[in-house]
Amino acid sequence: MDLANIADPVEQWEAMTAVAKAADAGSWDSIWLYDHFHTVPEPAMQTTFECWTATAALARDTRRVNIGQMVGCNGYRNPALYAKIASTVDVASHGRLYAGIGAGWYEHEWRAYGYEWPELKDRMGAFAEAVEIITGMWTQDAFEFKGRHYSVDKPFNEPKGVRKPHPSLWIGGGGEKVTLKLVARHGDAANIGGGNPDVIRDKLAILRRHCDTAGRDYGDIVKSTNLNVFPIEAGDDPQRATERARGPIDWDTFAGQTVIGTDAQIADRLAAAIEAGADYLILYVPGVAYDLDLVGRVEAITRQFG
C-alpha cells in the first residue's frame, strides 16, 4: 500500500525511484523490493509493480547501493529462469544484486494468478530443489539436475553474473528443517525473526548447528532481520502522526506491525535485534514515498550501529 496516496502510475513509479536515489546518495548499503503481485497485508485494487522488472530498472537508476528482493517467491518463476534473470540483473547493476529467494506464502496471490497452491511439504521440497538449480547454474557450465519438482539439462547461462563466486543469495525464512539448512549449505545471507530478539536468537542457534553439520563457517553468512519503523517526535500522538503513512491501512494493523517511537526508542529496538545476533538490519519505513526526509532520518538512527 506504499503508493496508495498517489493517483498517476507514472508518478508512483517516480516516487519509488526517488526513494531509491535518496538511499543511493546516502550511506545505506541496500534497497529492497517485495516480490508480490497484489498488495499486502490485504489484496486491494492498488498499484503493485512487478519485482524483478523494478529491480532491473532501479539497478540502472542508481550507482552505488545494492538492490535486493525480500524475498523472491520461488513459485512465481521456474528456478532456471530465476537464475537467468538474476545473472542478467547482477550484470546490469555491475554486481550490486542481492538475490532474494523464499518458498512463498501468499495463497490468495498464487491462486489469483493461476499458480497451483501446493501443500507446505511440496512447496518446501520445490524450494530446496530450486536453490540447488540456481546455485548450480551460477557456478557450473553444464549443470544437470533431475528432481521431483524440477529438472534442467545443461542450460547455457552466460553471463553468470559479476559478483564472485556468484550473485549474492539471500534466503528468507526461519524454517528449521529446510530453510535454515539451505542457508547453511548455499546461502550468503539469511533473513529471519522479523526483528524479534527471542526468535532471532533461537533461529540463529539452529543455523549455527546446521553450519557445523555442513562444515560451513557460520561467520561467513550474513544474519539479517527486518523491522517496520516509523519515527515520531516525543509527545506526538502516534495515531495522528502516522495518518498519511498508513493510508488506507487501519490503525490497529499498522501499530501491530510497526515500531512507532522516537529516534531513541527505535534505536533501542534495533540494538536488541543486534544483541540477539543479527548483523544486518533491513528497515521498512511506511510513508517514505511521500516524505523523502525519512530516508535521512532513519539513516541517522542506524549510523550508531555502523
# chains A, B, ... in the order shown; residues from 1 in each chain; ligands from 1
>>> closest_atom_pairs(of="region 69-102 of chain A", to="region 144-164 of chain A", cutoff="10 Å", atoms="only C-alpha atoms", output="CSV")
residue,atom,partner,partner_atom,distance
A:Asn78,CA,A:Tyr150,CA,8.3
A:Pro79,CA,A:Tyr150,CA,8.2
A:Ala80,CA,A:Val152,CA,7.4
A:Leu81,CA,A:Asn157,CA,9.7
A:Ala83,CA,A:Asn157,CA,8.0
A:Lys84,CA,A:Asn157,CA,6.2
A:Ile85,CA,A:Asn157,CA,9.8
A:Ala86,CA,A:Gly161,CA,7.7
A:Ser87,CA,A:Gly161,CA,4.4
A:Thr88,CA,A:Gly161,CA,6.5
A:Val89,CA,A:Gly161,CA,7.9
A:Asp90,CA,A:Gly161,CA,5.3
A:Val91,CA,A:Gly161,CA,5.4
A:Ala92,CA,A:Gly161,CA,9.0
A:Ser93,CA,A:Val162,CA,8.8
A:His94,CA,A:Val162,CA,6.4
A:Gly95,CA,A:Val162,CA,4.8
A:Arg96,CA,A:Arg163,CA,7.7
A:Leu97,CA,A:Arg163,CA,8.2
A:Tyr98,CA,A:Arg163,CA,10.0
>>> residues_around(residues="Pro197 (chain A)", least_positions_apart="3", cutoff="7 Å", atoms="only C-alpha atoms", output="ChimeraX atom specification")
/A:200-201,272-273,276
>>> write_last_selection(atoms="C-alpha atoms", output="compact mmCIF listing (two decimals), in the first residue's frame")
# COMPACT_ATOMS: atom_id res chain seq x y z
CA ILE A 200 16.44 -14.29 16.16
CA ARG A 201 18.41 -15.89 18.99
CA ALA A 272 18.04 -5.56 20.87
CA ALA A 273 18.00 -7.32 17.48
CA ALA A 276 20.40 -11.24 19.74
>>> select_by_dssp(residues="region 30-128 of chain A", states="helix (DSSP H, G or I)", output="MDAnalysis selection string")
chainID A and resid 51:61 74:76 79:92 107:112 120:128
>>> write_last_selection(atoms="C-alpha atoms", output="compact mmCIF listing (two decimals), in the first residue's frame")
# COMPACT_ATOMS: atom_id res chain seq x y z
CA CYS A 51 9.52 -7.05 -8.54
CA TRP A 52 12.24 -8.14 -10.97
CA THR A 53 11.30 -5.57 -13.61
CA ALA A 54 11.59 -2.89 -10.94
CA THR A 55 14.86 -4.38 -9.66
CA ALA A 56 16.41 -4.13 -13.13
CA ALA A 57 15.16 -0.58 -13.61
CA LEU A 58 16.45 0.60 -10.23
CA ALA A 59 19.79 -1.04 -10.99
CA ARG A 60 20.17 1.47 -13.80
CA ASP A 61 18.76 4.42 -11.83
CA ASN A 74 10.12 -19.41 -5.81
CA GLY A 75 6.66 -20.40 -7.02
CA TYR A 76 6.37 -17.46 -9.40
CA PRO A 79 14.26 -21.64 -10.93
CA ALA A 80 16.27 -21.87 -14.16
CA LEU A 81 14.55 -18.69 -15.33
CA TYR A 82 15.19 -17.12 -11.93
CA ALA A 83 18.90 -17.94 -12.25
CA LYS A 84 18.99 -16.35 -15.71
CA ILE A 85 17.11 -13.23 -14.60
CA ALA A 86 19.32 -12.78 -11.56
CA SER A 87 22.51 -13.24 -13.59
CA THR A 88 21.32 -10.58 -16.03
CA VAL A 89 20.41 -8.11 -13.28
CA ASP A 90 23.72 -8.71 -11.50
CA VAL A 91 25.49 -7.59 -14.68
CA ALA A 92 23.11 -4.67 -15.23
CA GLU A 107 -2.04 -18.13 -1.12
CA HIS A 108 -4.51 -15.59 -2.48
CA GLU A 109 -1.90 -14.24 -4.88
CA TRP A 110 -0.85 -17.67 -6.15
CA ARG A 111 -4.43 -18.66 -6.92
CA ALA A 112 -5.35 -15.28 -8.42
CA LEU A 120 3.58 -26.96 2.50
CA LYS A 121 5.67 -30.14 2.12
CA ASP A 122 5.65 -29.84 -1.68
CA ARG A 123 6.25 -26.10 -1.58
CA MET A 124 9.31 -26.59 0.60
CA GLY A 125 10.54 -29.51 -1.49
CA ALA A 126 10.34 -27.40 -4.64
CA PHE A 127 12.12 -24.56 -2.85
CA ALA A 128 15.01 -26.83 -1.84
>>> residues_around(residues="region 209-214 of chain A", least_positions_apart="3", cutoff="8 Å", atoms="only C-alpha atoms", output="number ranges by chain")
A: 180-181, 184-185, 205-206, 217-218
>>> residues_around(residues="Asn196 (chain A)", least_positions_apart="2", cutoff="12 Å", atoms="only C-alpha atoms", output="list in words")
Asn191, Ile192, Gly193, Gly194, Asp198, Val199, Ile200, Arg201, Asp202, Lys203, Ser224, Thr225, Asn226, Leu227, Asn228, Gln257, Val259, Arg269, Leu270, Ala271, Ala272, Ala273, Ile274, Glu275, Ala276, Gly277, Ala278 and Leu281 of chain A
>>> select_by_dssp(residues="region 175-248 of chain A", states="strand (DSSP E or B)", output="list in words")
Ala189, Ala190, Asn191, Val222, Lys223, Ser224, Thr225, Asn226, Leu227, Asn228, Val229, Phe230 and Pro231 of chain A
>>> write_last_selection(atoms="C-alpha atoms", output="short mmCIF file (atom, residue, chain, number, x, y, z; two decimals), in the first residue's frame")
data_model
loop_
_atom_site.label_atom_id
_atom_site.label_comp_id
_atom_site.auth_asym_id
_atom_site.auth_seq_id
_atom_site.Cartn_x
_atom_site.Cartn_y
_atom_site.Cartn_z
CA ALA A 189 22.69 -14.43 3.90
CA ALA A 190 19.66 -15.40 5.96
CA ASN A 191 16.65 -13.26 6.78
CA VAL A 222 25.05 -12.51 6.87
CA LYS A 223 22.37 -12.76 9.56
CA SER A 224 19.71 -10.21 8.60
CA THR A 225 16.38 -9.32 10.13
CA ASN A 226 13.75 -6.81 9.05
CA LEU A 227 11.64 -4.35 11.01
CA ASN A 228 8.96 -1.82 10.13
CA VAL A 229 9.82 1.50 11.79
CA PHE A 230 8.25 4.95 11.85
CA PRO A 231 9.95 7.76 13.82
#
>>> residues_around(residues="region 34-48 of chain A", least_positions_apart="5", cutoff="7 Å", atoms="only C-alpha atoms", output="VMD selection string")
chain A and resid 1 3 to 4 69 to 73 109
>>> residues_around(residues="region 12-22 of chain A", least_positions_apart="4", cutoff="7 Å", atoms="only C-alpha atoms", output="PyMOL selection string")
chain A and resi 3+6+8+26+31+58+62+289+292+295
>>> atom_distance(atom1="CA of Val288 (chain A)", atom2="CA of Gly247 (chain A)")
11.9 Å
>>> atom_distance(atom1="CA of Ile101 (chain A)", atom2="CA of Ala130 (chain A)")
9.3 Å
